[in-house]
file data10.txt (compact mmCIF, C-alpha atoms)
# COMPACT_ATOMS: atom_id res chain seq x y z
CA MET K 166 -169.44 -63.45 -25.23
CA ASN K 167 -171.53 -61.77 -22.51
CA LEU K 168 -175.15 -61.10 -21.73
CA LYS K 169 -176.05 -57.67 -23.16
CA ASN K 170 -175.78 -54.97 -20.50
CA ASN K 171 -179.26 -53.57 -21.01
CA ILE K 172 -181.11 -56.89 -20.62
CA ALA K 173 -183.38 -56.86 -17.58
CA VAL K 174 -183.74 -60.14 -15.64
CA SER K 175 -186.24 -60.34 -12.80
CA ASP K 176 -186.06 -62.64 -9.78
CA SER K 177 -188.85 -64.74 -11.26
CA GLY K 178 -186.92 -65.44 -14.47
CA PHE K 179 -188.64 -62.89 -16.69
CA VAL K 180 -186.18 -61.55 -19.26
CA PHE K 181 -186.81 -58.26 -21.08
CA ASN K 182 -184.82 -56.82 -23.97
CA PRO K 183 -185.55 -53.06 -23.87
CA ALA K 184 -184.06 -52.53 -27.32
CA SER K 185 -186.44 -54.86 -29.10
CA GLY K 186 -189.37 -55.06 -26.67
CA GLU K 187 -189.13 -58.85 -26.61
CA SER K 188 -189.65 -60.74 -23.39
CA PHE K 189 -188.90 -64.34 -22.40
CA SER K 190 -189.25 -66.65 -19.42
CA VAL K 191 -186.48 -68.89 -18.16
CA ASN K 192 -186.67 -71.73 -15.63
CA PRO K 193 -184.77 -71.63 -12.30
CA ILE K 194 -181.64 -73.18 -13.82
CA GLY K 195 -181.75 -70.73 -16.74
CA LEU K 196 -182.11 -67.90 -14.23
CA GLU K 197 -179.12 -69.20 -12.29
CA MET K 198 -177.07 -69.34 -15.50
CA LEU K 199 -178.06 -65.77 -16.40
CA ASN K 200 -177.17 -64.49 -12.94
CA LEU K 201 -173.76 -66.20 -13.08
CA LEU K 202 -173.19 -64.80 -16.58
CA ARG K 203 -174.02 -61.38 -15.19
CA GLN K 204 -171.37 -61.82 -12.52
CA GLY K 205 -168.85 -62.33 -15.33
CA LEU K 206 -168.13 -66.00 -14.63
CA SER K 207 -166.58 -68.15 -17.35
CA GLN K 208 -168.37 -71.15 -18.84
CA GLU K 209 -166.27 -73.51 -16.76
CA GLU K 210 -167.00 -71.63 -13.54
CA ILE K 211 -170.72 -71.56 -14.31
CA VAL K 212 -170.82 -75.29 -15.05
CA THR K 213 -168.94 -76.05 -11.82
CA SER K 214 -171.30 -73.85 -9.81
CA ILE K 215 -174.41 -75.50 -11.31
CA GLU K 216 -172.92 -78.95 -10.78
CA LYS K 217 -172.44 -78.16 -7.11
CA ASP K 218 -175.88 -76.60 -6.54
CA PHE K 219 -178.06 -78.88 -8.64
CA GLN K 220 -176.20 -82.18 -8.41
CA ALA K 221 -176.34 -83.00 -12.10
CA GLU K 222 -173.72 -84.60 -14.33
CA LYS K 223 -171.14 -82.19 -15.68
CA ILE K 224 -171.49 -83.41 -19.26
CA ASN K 225 -175.25 -82.74 -19.21
CA ILE K 226 -174.80 -79.31 -17.68
CA GLU K 227 -172.23 -78.38 -20.33
CA ARG K 228 -174.56 -79.48 -23.11
CA ASP K 229 -177.53 -77.61 -21.63
CA PHE K 230 -175.42 -74.50 -21.04
CA ASN K 231 -174.24 -74.47 -24.67
CA ASP K 232 -177.80 -74.98 -25.94
CA PHE K 233 -178.96 -72.17 -23.69
CA ILE K 234 -176.24 -69.80 -24.92
CA ASP K 235 -177.06 -70.67 -28.56
CA MET K 236 -180.69 -69.81 -27.92
CA MET K 237 -179.71 -66.57 -26.21
CA LYS K 238 -177.61 -65.63 -29.25
CA GLN K 239 -180.48 -66.47 -31.56
CA TYR K 240 -182.68 -64.06 -29.62
CA HIS K 241 -180.01 -61.33 -29.74
CA LEU K 242 -179.50 -61.31 -25.99
CA MET K 243 -175.72 -61.78 -26.11
CA GLN K 244 -172.95 -59.44 -27.19
CA ASN K 245 -169.27 -59.79 -28.00
CA GLU K 246 -166.75 -58.69 -25.37
CA ASP K 247 -165.80 -55.60 -27.40
CA GLU K 248 -169.37 -54.36 -27.96
CA MET U 42 -210.91 -26.13 -8.32
CA LYS U 43 -209.50 -22.90 -9.72
CA THR U 44 -205.98 -22.86 -11.04
CA ASN U 45 -203.84 -20.25 -12.72
CA LYS U 46 -203.51 -22.40 -15.80
CA PRO U 47 -205.02 -20.98 -18.97
CA THR U 48 -208.03 -22.76 -20.44
CA LEU U 49 -207.92 -23.59 -24.13
CA THR U 50 -210.80 -24.65 -26.33
CA ILE U 51 -209.49 -27.41 -28.57
CA GLY U 52 -211.25 -29.03 -31.52
CA VAL U 53 -210.30 -32.68 -32.07
CA THR U 54 -211.23 -35.05 -34.91
CA GLY U 55 -210.82 -38.82 -35.13
CA LEU U 56 -213.40 -39.81 -32.52
CA ASN U 57 -214.16 -43.13 -34.19
CA ALA U 58 -213.15 -46.44 -32.66
CA ILE U 59 -213.64 -49.40 -34.92
CA ASP U 60 -210.93 -52.06 -35.22
CA SER U 61 -208.76 -49.41 -36.87
CA PRO U 62 -209.51 -46.71 -34.32
CA GLY U 63 -209.07 -42.99 -34.77
CA PRO U 64 -206.56 -41.24 -32.51
CA GLY U 65 -209.02 -38.61 -31.24
CA VAL U 66 -210.02 -40.14 -27.90
CA ALA U 67 -206.39 -40.91 -27.00
CA VAL U 68 -205.38 -37.36 -27.99
CA ILE U 69 -208.11 -35.97 -25.74
CA ARG U 70 -206.92 -38.09 -22.81
CA GLY U 71 -203.48 -36.54 -23.28
CA LEU U 72 -204.95 -33.03 -23.44
CA ARG U 73 -207.02 -33.65 -20.29
CA GLU U 74 -203.81 -34.62 -18.48
CA ALA U 75 -201.87 -31.58 -19.70
CA ALA U 76 -199.88 -30.00 -16.89
CA SER U 77 -199.67 -26.55 -18.45
CA PHE U 78 -203.28 -25.79 -19.40
CA ASN U 79 -206.88 -26.78 -18.81
CA CYS U 80 -209.02 -27.51 -21.80
CA ARG U 81 -212.50 -27.57 -23.16
CA ILE U 82 -212.79 -30.23 -25.84
CA ILE U 83 -214.89 -29.77 -28.94
CA GLY U 84 -215.30 -33.04 -30.84
CA LEU U 85 -215.41 -32.77 -34.61
CA SER U 86 -217.09 -35.86 -36.05
CA TYR U 87 -218.04 -37.24 -39.44
CA GLU U 88 -220.50 -39.95 -38.43
CA SER U 89 -223.10 -40.26 -35.69
CA LEU U 90 -221.71 -43.52 -34.33
CA GLU U 91 -218.24 -42.26 -33.50
CA PRO U 92 -217.97 -43.25 -29.82
CA GLY U 93 -216.07 -40.13 -28.75
CA ILE U 94 -219.24 -38.10 -29.36
CA TYR U 95 -220.89 -39.85 -26.41
CA MET U 96 -217.94 -39.73 -24.00
CA HIS U 97 -219.14 -36.70 -22.09
CA ASP U 98 -216.41 -36.94 -19.47
CA LEU U 99 -213.85 -36.40 -22.22
CA VAL U 100 -215.68 -34.38 -24.87
CA ASP U 101 -217.65 -31.27 -23.90
CA LYS U 102 -219.54 -30.79 -27.14
CA THR U 103 -219.40 -32.37 -30.59
CA TYR U 104 -220.22 -31.00 -34.02
CA HIS U 105 -220.41 -32.91 -37.27
CA ILE U 106 -218.12 -31.58 -39.95
CA PRO U 107 -218.35 -32.27 -43.70
CA TYR U 108 -216.33 -35.03 -45.32
CA PRO U 109 -213.08 -33.90 -46.98
CA SER U 110 -214.59 -34.72 -50.37
CA SER U 111 -217.01 -31.79 -49.87
CA GLY U 112 -214.13 -29.36 -50.34
CA THR U 113 -212.34 -26.84 -48.15
CA GLU U 114 -214.92 -24.04 -48.59
CA ILE U 115 -217.73 -26.09 -47.06
CA LEU U 116 -215.44 -27.20 -44.24
CA SER U 117 -214.39 -23.58 -43.71
CA ASP U 118 -218.02 -22.44 -43.43
CA ARG U 119 -218.79 -25.17 -40.92
CA LEU U 120 -215.73 -24.31 -38.83
CA ASP U 121 -216.77 -20.64 -38.90
CA TYR U 122 -220.14 -21.62 -37.45
CA ILE U 123 -218.51 -23.76 -34.72
CA HIS U 124 -215.93 -21.06 -33.95
CA GLU U 125 -218.64 -18.44 -33.56
CA ILE U 126 -220.20 -20.49 -30.77
CA GLU U 127 -217.18 -22.16 -29.17
CA LYS U 128 -214.31 -19.71 -29.78
CA LEU U 129 -211.81 -22.38 -30.71
CA ASP U 130 -208.15 -21.79 -29.81
CA VAL U 131 -206.67 -24.89 -31.46
CA ILE U 132 -207.75 -27.64 -33.85
CA ILE U 133 -205.96 -31.00 -33.91
CA PRO U 134 -206.97 -32.96 -37.03
CA ASN U 135 -206.20 -36.66 -36.73
CA PHE U 136 -207.06 -38.24 -40.08
CA ASP U 137 -204.74 -38.45 -43.09
CA ALA U 138 -207.64 -37.85 -45.44
CA GLU U 139 -208.64 -34.52 -43.85
CA LEU U 140 -205.15 -33.09 -43.45
CA TYR U 141 -204.95 -31.59 -46.92
CA SER U 142 -208.04 -29.45 -46.20
CA PHE U 143 -206.78 -28.36 -42.80
CA ILE U 144 -203.31 -27.50 -44.13
CA LYS U 145 -204.94 -25.42 -46.87
CA LEU U 146 -207.20 -23.69 -44.37
CA ALA U 147 -204.50 -23.13 -41.72
CA PRO U 148 -203.69 -19.47 -42.61
CA LYS U 149 -207.38 -18.60 -42.79
CA LEU U 150 -208.01 -20.30 -39.44
CA LYS U 151 -205.02 -18.54 -37.89
CA ALA U 152 -206.44 -15.18 -38.97
CA LYS U 153 -209.54 -16.04 -37.00
CA GLY U 154 -207.53 -17.04 -33.93
CA ILE U 155 -207.67 -20.81 -34.48
CA HIS U 156 -204.19 -22.32 -34.21
CA THR U 157 -202.95 -25.53 -35.79
CA PHE U 158 -199.54 -27.16 -35.93
CA LEU U 159 -199.42 -29.12 -39.15
CA PRO U 160 -196.81 -30.16 -41.69
CA THR U 161 -196.38 -27.89 -44.68
CA LEU U 162 -198.13 -28.92 -47.88
CA GLU U 163 -194.72 -29.82 -49.37
CA GLN U 164 -193.89 -32.06 -46.41
CA PHE U 165 -197.33 -33.61 -46.54
CA GLU U 166 -197.04 -34.41 -50.26
CA GLU U 167 -193.40 -35.48 -50.17
CA ARG U 168 -193.94 -38.21 -47.57
CA HIS U 169 -197.00 -39.57 -49.38
CA LYS U 170 -196.92 -43.32 -49.93
CA VAL U 171 -196.88 -42.72 -53.67
CA ASN U 172 -193.68 -40.64 -53.31
CA LEU U 173 -191.88 -42.87 -50.80
CA PRO U 174 -189.16 -44.11 -53.22
CA ASP U 175 -188.19 -40.50 -54.06
CA PHE U 176 -188.33 -39.61 -50.39
CA GLY U 177 -185.94 -42.47 -49.54
CA ALA U 178 -183.51 -41.42 -52.28
CA LYS U 179 -183.61 -37.74 -51.30
CA TYR U 180 -182.99 -38.30 -47.59
CA ASP U 181 -180.82 -41.41 -47.92
CA MET U 182 -183.16 -43.74 -46.03
CA HIS U 183 -183.89 -47.39 -46.77
CA VAL U 184 -187.41 -47.70 -48.13
CA PRO U 185 -189.03 -50.73 -49.74
CA ARG U 186 -189.29 -50.55 -53.52
CA SER U 187 -192.79 -49.53 -54.52
CA LYS U 188 -194.80 -48.22 -57.42
CA ALA U 189 -198.13 -46.47 -57.78
CA VAL U 190 -200.37 -48.30 -60.26
CA TYR U 191 -203.72 -47.46 -61.82
CA THR U 192 -204.66 -50.91 -63.16
CA PRO U 193 -204.11 -54.41 -61.76
CA SER U 194 -202.22 -55.42 -64.90
CA GLU U 195 -199.56 -52.77 -64.17
CA ALA U 196 -198.83 -54.72 -61.01
CA LEU U 197 -198.12 -57.80 -63.11
CA SER U 198 -195.04 -56.14 -64.60
CA LEU U 199 -193.62 -55.75 -61.08
CA GLU U 200 -193.72 -59.51 -60.61
CA LYS U 201 -190.33 -59.73 -62.34
CA GLU U 202 -188.74 -57.12 -60.11
CA TYR U 203 -190.16 -57.97 -56.70
CA GLU U 204 -190.56 -61.34 -55.06
CA TRP U 205 -193.89 -62.63 -53.79
CA PRO U 206 -195.68 -61.73 -51.65
CA LEU U 207 -196.42 -58.15 -52.65
CA VAL U 208 -198.02 -55.55 -50.41
CA VAL U 209 -201.08 -53.89 -51.96
CA LYS U 210 -201.73 -50.53 -50.31
CA GLY U 211 -204.43 -47.88 -50.48
CA LYS U 212 -203.32 -44.28 -50.86
CA TYR U 213 -204.58 -43.36 -47.38
CA TYR U 214 -205.35 -46.58 -45.53
CA ASP U 215 -205.47 -50.35 -45.89
CA ALA U 216 -202.77 -52.79 -46.87
CA THR U 217 -203.03 -56.43 -47.89
CA LEU U 218 -200.45 -59.07 -48.61
CA ALA U 219 -200.93 -60.79 -51.97
CA TYR U 220 -199.28 -64.10 -52.76
CA ASN U 221 -200.35 -64.36 -56.40
CA PHE U 222 -201.77 -62.21 -59.14
CA ASP U 223 -205.39 -63.18 -58.39
CA GLN U 224 -204.95 -61.87 -54.87
CA VAL U 225 -203.39 -58.66 -56.23
CA LYS U 226 -206.45 -58.12 -58.44
CA SER U 227 -208.86 -58.80 -55.60
CA ALA U 228 -207.02 -56.46 -53.19
CA PHE U 229 -206.68 -53.81 -55.91
CA ASN U 230 -210.42 -53.77 -56.53
CA LYS U 231 -211.36 -53.84 -52.87
CA ILE U 232 -208.98 -51.07 -51.76
CA SER U 233 -209.47 -48.82 -54.81
CA ALA U 234 -213.26 -48.99 -54.33
CA LYS U 235 -212.79 -47.60 -50.83
CA TRP U 236 -209.88 -45.18 -51.13
CA GLY U 237 -209.58 -44.47 -54.85
CA LEU U 238 -206.53 -44.61 -57.10
CA PRO U 239 -203.61 -45.05 -57.32
CA ILE U 240 -202.88 -48.26 -55.52
CA ILE U 241 -199.36 -48.76 -54.26
CA ILE U 242 -197.63 -52.05 -54.90
CA GLN U 243 -194.78 -52.46 -52.47
CA GLU U 244 -191.99 -54.97 -52.01
CA PHE U 245 -192.54 -57.03 -48.85
CA ILE U 246 -189.78 -56.70 -46.28
CA HIS U 247 -189.48 -59.65 -43.90
CA GLY U 248 -188.78 -58.60 -40.35
CA THR U 249 -190.18 -57.10 -37.18
CA GLU U 250 -192.32 -53.99 -37.23
CA TYR U 251 -191.56 -51.04 -35.02
CA ASN U 252 -193.27 -47.68 -34.81
CA VAL U 253 -192.08 -44.31 -33.60
CA THR U 254 -194.37 -41.44 -32.76
CA GLY U 255 -193.01 -37.98 -32.23
CA LEU U 256 -193.21 -34.28 -32.78
CA GLY U 257 -191.04 -31.95 -34.85
CA ASP U 258 -190.87 -28.20 -34.27
CA GLY U 259 -190.55 -27.32 -37.96
CA ASN U 260 -186.93 -26.20 -37.55
CA GLY U 261 -185.39 -29.65 -37.60
CA ASN U 262 -185.56 -30.25 -33.84
CA THR U 263 -187.05 -33.27 -32.13
CA ILE U 264 -189.56 -32.22 -29.49
CA ALA U 265 -190.70 -35.77 -28.74
CA ALA U 266 -189.96 -39.32 -29.92
CA VAL U 267 -191.15 -42.63 -28.49
CA PRO U 268 -190.47 -45.98 -30.20
CA MET U 269 -192.89 -48.86 -29.71
CA ARG U 270 -192.97 -52.50 -30.69
CA LYS U 271 -196.37 -53.94 -31.51
CA GLN U 272 -197.07 -56.93 -29.31
CA TYR U 273 -200.57 -57.78 -30.36
CA ILE U 274 -202.08 -56.87 -33.70
CA THR U 275 -205.51 -57.01 -35.31
CA ASP U 276 -206.07 -58.67 -38.67
CA LYS U 277 -205.59 -55.20 -40.14
CA GLY U 278 -202.15 -55.04 -38.61
CA LYS U 279 -203.17 -52.38 -36.10
CA ALA U 280 -201.57 -52.47 -32.67
CA TRP U 281 -203.90 -53.73 -29.95
CA GLY U 282 -201.03 -53.93 -27.51
CA GLY U 283 -197.50 -52.56 -27.57
CA ILE U 284 -194.47 -51.75 -25.47
CA SER U 285 -192.15 -48.74 -25.31
CA ILE U 286 -188.60 -49.69 -26.21
CA ASP U 287 -185.13 -48.22 -26.05
CA ASP U 288 -184.13 -48.57 -29.67
CA LYS U 289 -181.21 -46.27 -30.41
CA LYS U 290 -181.25 -47.00 -34.14
CA ALA U 291 -184.94 -46.15 -34.49
CA LEU U 292 -184.42 -42.93 -32.52
CA LYS U 293 -181.40 -41.97 -34.64
CA LEU U 294 -183.46 -42.51 -37.77
CA THR U 295 -186.23 -40.36 -36.29
CA HIS U 296 -183.83 -37.50 -35.49
CA LYS U 297 -182.47 -37.74 -39.03
CA PHE U 298 -185.97 -37.64 -40.46
CA LEU U 299 -186.79 -34.54 -38.42
CA SER U 300 -183.55 -32.68 -38.96
CA GLU U 301 -183.49 -33.28 -42.72
CA THR U 302 -187.14 -32.69 -43.53
CA LYS U 303 -187.67 -30.02 -40.83
CA TRP U 304 -190.95 -31.77 -40.18
CA ARG U 305 -193.59 -29.62 -38.52
CA GLY U 306 -196.11 -31.38 -36.31
CA ALA U 307 -196.83 -34.85 -35.05
CA PHE U 308 -196.03 -37.99 -37.02
CA GLU U 309 -195.71 -41.74 -36.87
CA LEU U 310 -192.93 -43.65 -38.61
CA GLU U 311 -193.67 -47.25 -39.53
CA LEU U 312 -190.40 -49.16 -39.63
CA MET U 313 -189.45 -52.73 -40.48
CA LYS U 314 -186.23 -54.18 -39.10
CA ASN U 315 -184.90 -57.01 -41.25
CA LYS U 316 -182.77 -59.94 -40.09
CA GLU U 317 -179.58 -57.94 -40.63
CA GLY U 318 -180.85 -55.26 -38.26
CA ASN U 319 -181.41 -52.65 -41.00
CA TYR U 320 -184.43 -50.42 -40.77
CA TYR U 321 -186.74 -49.84 -43.70
CA LEU U 322 -189.09 -46.90 -43.58
CA LEU U 323 -192.46 -48.32 -44.65
CA GLU U 324 -194.65 -45.29 -44.13
CA ILE U 325 -194.74 -41.81 -42.63
CA ASN U 326 -198.11 -40.99 -41.14
CA PRO U 327 -198.41 -37.19 -40.94
CA ARG U 328 -200.42 -37.16 -37.74
CA ILE U 329 -200.73 -38.50 -34.22
CA PRO U 330 -201.26 -42.30 -34.13
CA ALA U 331 -204.07 -44.05 -32.24
CA TRP U 332 -201.58 -45.46 -29.70
CA ILE U 333 -200.46 -41.96 -28.63
CA TYR U 334 -201.60 -42.51 -25.06
CA LEU U 335 -198.60 -44.83 -24.60
CA ALA U 336 -196.34 -41.83 -25.28
CA VAL U 337 -198.30 -39.82 -22.70
CA GLY U 338 -198.04 -42.74 -20.26
CA VAL U 339 -194.25 -42.97 -20.60
CA GLY U 340 -193.70 -39.27 -20.00
CA GLN U 341 -194.03 -37.52 -23.36
CA ASN U 342 -197.39 -35.79 -23.57
CA ILE U 343 -197.28 -35.15 -27.31
CA PRO U 344 -200.84 -33.75 -27.59
CA GLU U 345 -199.95 -31.17 -24.92
CA ALA U 346 -196.62 -30.26 -26.58
CA LEU U 347 -198.30 -30.00 -29.99
CA THR U 348 -200.93 -27.66 -28.55
CA ARG U 349 -198.22 -25.49 -26.99
CA LEU U 350 -196.38 -25.28 -30.32
CA ALA U 351 -199.64 -24.41 -32.06
CA MET U 352 -200.19 -21.59 -29.57
CA GLY U 353 -196.65 -20.36 -30.15
CA TRP U 354 -195.69 -21.02 -26.54
CA PRO U 355 -192.12 -22.03 -25.64
CA THR U 356 -191.94 -25.82 -25.64
CA GLU U 357 -189.02 -27.75 -24.19
CA PRO U 358 -188.05 -30.98 -25.97
CA PHE U 359 -188.66 -34.23 -24.09
CA THR U 360 -185.39 -36.07 -23.54
CA THR U 361 -186.45 -39.20 -21.68
CA TYR U 362 -189.29 -41.69 -21.48
CA GLU U 363 -189.98 -44.88 -19.56
CA VAL U 364 -188.90 -48.03 -21.35
CA GLY U 365 -190.86 -51.26 -20.95
CA LYS U 366 -194.31 -49.71 -20.40
CA MET U 367 -197.12 -51.40 -22.26
CA PHE U 368 -200.46 -50.36 -23.60
CA ILE U 369 -203.23 -52.89 -23.88
CA ARG U 370 -206.28 -51.71 -25.78
CA TYR U 371 -209.81 -52.77 -25.00
CA ALA U 372 -213.30 -52.16 -26.33
CA TRP U 373 -215.93 -50.73 -24.00
CA ASP U 374 -219.66 -50.84 -24.64
CA MET U 375 -221.36 -47.58 -23.71
CA ILE U 376 -225.09 -47.36 -23.11
CA VAL U 377 -226.44 -44.35 -24.96
CA ASP U 378 -229.92 -42.83 -25.01
CA LEU U 379 -231.52 -42.79 -28.42
CA SER U 380 -232.22 -39.08 -27.88
CA GLU U 381 -228.48 -38.36 -28.01
CA PHE U 382 -228.07 -40.30 -31.25
CA GLU U 383 -231.13 -38.47 -32.59
CA LYS U 384 -229.64 -35.09 -31.68
CA ILE U 385 -226.27 -35.61 -33.36
CA SER U 386 -227.92 -37.27 -36.37
CA THR U 387 -230.51 -34.59 -37.00
CA LEU U 388 -228.91 -31.40 -35.68
CA GLY U 389 -225.27 -32.34 -36.22
CA GLU U 390 -224.43 -31.23 -32.66
CA LEU U 391 -224.41 -32.87 -29.27

call {"tool": "encode", "arguments": {"input": "data10.txt", "output": "structure tokens"}}
result
Amino acid sequence: MNLKNNIAVSDSGFVFNPASGESFSVNPIGLEMLNLLRQGLSQEEIVTSIEKDFQAEKINIERDFNDFIDMMKQYHLMQNEDE
Amino acid sequence: MKTNKPTLTIGVTGLNAIDSPGPGVAVIRGLREAASFNCRIIGLSYESLEPGIYMHDLVDKTYHIPYPSSGTEILSDRLDYIHEIEKLDVIIPNFDAELYSFIKLAPKLKAKGIHTFLPTLEQFEERHKVNLPDFGAKYDMHVPRSKAVYTPSEALSLEKEYEWPLVVKGKYYDATLAYNFDQVKSAFNKISAKWGLPIIIQEFIHGTEYNVTGLGDGNGNTIAAVPMRKQYITDKGKAWGGISIDDKKALKLTHKFLSETKWRGAFELELMKNKEGNYYLLEINPRIPAWIYLAVGVGQNIPEALTRLAMGWPTEPFTTYEVGKMFIRYAWDMIVDLSEFEKISTLGEL
């Protein structure tokens, strides 16, 4: 599952879905996750990268990442690989 | 500054601006920004407190015109008087309630050199709220179930078919959500007193509301189409802020609407997207909406294109627009001399 191609993410963490007109704000860690998703990194790679940069426990990062992805799905910001 | 552009004299209605504002002022802003012509704007007003009358930087002269209930003959006489003085090239009517008269008068106006670009009477009637279920069936579009009723008790029979809440709608304007039969009765009485009968009882579709404004050339082609999501609404459900969006499904539905109905003129589609992502067509407004300046702002000057079509000039379809542009509406208090109010009130001209 990937971030939809048309989603705009600004440097300040402002997220805009041009298809629905909805906008959201994410915090710096959310922004980092979105940028890594954009680069096509896997969940494991993203968690490792966050662990290195933010010095948090892996288990917490994994939980937060999954919560974040669930929320992104709920807001229709994610798409399946084949879409 | 002199330019080679032609100058058109354009009559525009809908100069009011209460919490459900008329589109006239926004239409005029689009016309003033037209790249292909200059214009002289003649306001056509119904009441002396319509703000557009006093916006002298936008409106050159305003004349009162009779209410639609006075009949087309009286309107025709008044337009003859105005035309004699102003030599109108185009009229853009912006109210649902006046469209019937203008559509009826269109051939007569054309013979006098006044151009319009309006839906046909058949198109106007077919898309009427009362006829929406038939419209949906004919053109294979999802529409909410609805029924025109003449008494509140008729609505009671729909209780078994539809779930609460129900939407109680006036034939031209106004819509209220009713959660029980007492609220249906109250809304029925309130709306019918203002807009007459029938009242439309409509199934409520849960979802997110989107609107599309556009322009059809009458041959099934899309000249303009801009979808918008309301971001901020008044208690009447009118957009007070909105954003242009790139919604392929809404645009596809718009092209289908235009190609199948061969719609002539401007329009606004009110759409509801349910949780499954399906669009329901809630209403087709047969005119330019009040938020039209957003379309102008994102690159589709619909008032200009409509005027060109009315004049019979070649008009290229718009193919792009800027996504993610917002409009934010505001109210502006003008200071007006009593003498101006006196003039429009007593002489019907300003």

call {"tool": "atom_distance", "arguments": {"input": "data10.txt", "atom1": "atom CA of Trp373 of chain U", "atom2": "atom CA of Ile59 of chain U"}}
result
11.2 Å

call {"tool": "closest_atom_pairs", "arguments": {"input": "data10.txt", "of": "chain K", "to": "chain U", "cutoff": "12 Å", "atoms": "all atoms listed in the file", "output": "CSV"}}
result
residue,atom,partner,partner_atom,distance
K:Asn171,CA,U:Asp287,CA,9.4
K:Ile172,CA,U:Asp287,CA,11.0
K:Ala173,CA,U:Gly365,CA,9.9
K:Val180,CA,U:Gly365,CA,11.4
K:Phe181,CA,U:Gly365,CA,8.1
K:Asn182,CA,U:Ile286,CA,8.4
K:Pro183,CA,U:Ile286,CA,5.1
K:Ala184,CA,U:Asp288,CA,4.6
K:Ser185,CA,U:Ile286,CA,6.3
K:Gly186,CA,U:Ile286,CA,5.4
K:Glu187,CA,U:Arg270,CA,8.5
K:Ser188,CA,U:Gly365,CA,9.9
K:Gln239,CA,U:Lys316,CA,11.0
K:Tyr240,CA,U:Lys316,CA,11.3
K:His241,CA,U:Gly318,CA,10.5

call {"tool": "atom_distance", "arguments": {"input": "data10.txt", "atom1": "atom CA of Leu322 of chain U", "atom2": "atom CA of Asn170 of chain K"}}
result
27.8 Å

call {"tool": "atom_distance", "arguments": {"input": "data10.txt", "atom1": "atom CA of Arg349 of chain U", "atom2": "atom CA of Ala76 of chain U"}}
result
11.2 Å

call {"tool": "residues_around", "arguments": {"input": "data10.txt", "residues": "segment 94-100 of chain U", "least_positions_apart": "2", "cutoff": "12 Å", "atoms": "all atoms listed in the file", "output": "JSON, numbers by chain"}}
result
{"U": [50, 51, 52, 53, 54, 55, 56, 57, 58, 65, 66, 67, 68, 69, 70, 71, 72, 73, 74, 80, 81, 82, 83, 84, 85, 86, 87, 88, 89, 90, 91, 92, 102, 103, 104, 105, 373, 374, 375, 376, 377, 378, 379, 380, 381, 382, 384, 385, 386, 389, 390, 391]}

call {"tool": "residues_around", "arguments": {"input": "data10.txt", "residues": "Met166 of chain K", "least_positions_apart": "3", "cutoff": "12 Å", "atoms": "only C-alpha atoms", "output": "CSV table (one decimal) with C-alpha atoms, keeping the file's coordinate frame"}}
result
chain,number,residue,atom,x,y,z
K,169,LYS,CA,-176.0,-57.7,-23.2
K,170,ASN,CA,-175.8,-55.0,-20.5
K,202,LEU,CA,-173.2,-64.8,-16.6
K,203,ARG,CA,-174.0,-61.4,-15.2
K,205,GLY,CA,-168.8,-62.3,-15.3
K,206,LEU,CA,-168.1,-66.0,-14.6
K,207,SER,CA,-166.6,-68.2,-17.4
K,208,GLN,CA,-168.4,-71.2,-18.8
K,234,ILE,CA,-176.2,-69.8,-24.9
K,235,ASP,CA,-177.1,-70.7,-28.6
K,237,MET,CA,-179.7,-66.6,-26.2
K,238,LYS,CA,-177.6,-65.6,-29.2
K,241,HIS,CA,-180.0,-61.3,-29.7
K,242,LEU,CA,-179.5,-61.3,-26.0
K,243,MET,CA,-175.7,-61.8,-26.1
K,244,GLN,CA,-173.0,-59.4,-27.2
K,245,ASN,CA,-169.3,-59.8,-28.0
K,246,GLU,CA,-166.8,-58.7,-25.4
K,247,ASP,CA,-165.8,-55.6,-27.4
K,248,GLU,CA,-169.4,-54.4,-28.0

call {"tool": "residues_around", "arguments": {"input": "data10.txt", "residues": "Lys149 of chain U", "least_positions_apart": "6", "cutoff": "12 Å", "atoms": "all atoms listed in the file", "output": "VMD selection string"}}
result
chain U and resid 113 to 114 116 to 118 120 to 121 142 to 143 155 to 157

call {"tool": "closest_residue", "arguments": {"input": "data10.txt", "among": "U:Ile325, U:Ala234, U:Leu129, U:Leu146", "to": "Glu166 of chain U", "atoms": "only C-alpha atoms"}}
result
U:Ile325

call {"tool": "residues_near_point", "arguments": {"input": "data10.txt", "point": "(-209.4, -18.7, -30.2)", "cutoff": "10 Å", "atoms": "all atoms listed in the file", "output": "list in words"}}
result
Leu49, Thr50, Ile51, His124, Glu125, Glu127, Lys128, Leu129, Asp130, Val131, Ile132, Leu150, Lys151, Ala152, Lys153, Gly154, Ile155, His156 and Met352 of chain U

call {"tool": "closest_residue", "arguments": {"input": "data10.txt", "among": "U:Glu345, U:Glu250, U:Glu324, U:Glu383", "to": "His183 of chain U", "atoms": "only C-alpha atoms"}}
result
U:Glu324

call {"tool": "residues_around", "arguments": {"input": "data10.txt", "residues": "Asp218 of chain K", "least_positions_apart": "4", "cutoff": "12 Å", "atoms": "all atoms listed in the file", "output": "list in words"}}
result
Pro193, Ile194, Glu197, Met198, Ile211, Val212, Thr213, Ser214, Glu222, Lys223 and Ile226 of chain K

call {"tool": "write_last_selection", "arguments": {"input": "data10.txt", "atoms": "C-alpha atoms", "output": "short mmCIF file (atom, residue, chain, number, x, y, z; two decimals), in the coordinates of the input"}}
result
data_model
loop_
_atom_site.label_atom_id
_atom_site.label_comp_id
_atom_site.auth_asym_id
_atom_site.auth_seq_id
_atom_site.Cartn_x
_atom_site.Cartn_y
_atom_site.Cartn_z
CA PRO K 193 -184.77 -71.63 -12.30
CA ILE K 194 -181.64 -73.18 -13.82
CA GLU K 197 -179.12 -69.20 -12.29
CA MET K 198 -177.07 -69.34 -15.50
CA ILE K 211 -170.72 -71.56 -14.31
CA VAL K 212 -170.82 -75.29 -15.05
CA THR K 213 -168.94 -76.05 -11.82
CA SER K 214 -171.30 -73.85 -9.81
CA GLU K 222 -173.72 -84.60 -14.33
CA LYS K 223 -171.14 -82.19 -15.68
CA ILE K 226 -174.80 -79.31 -17.68
#
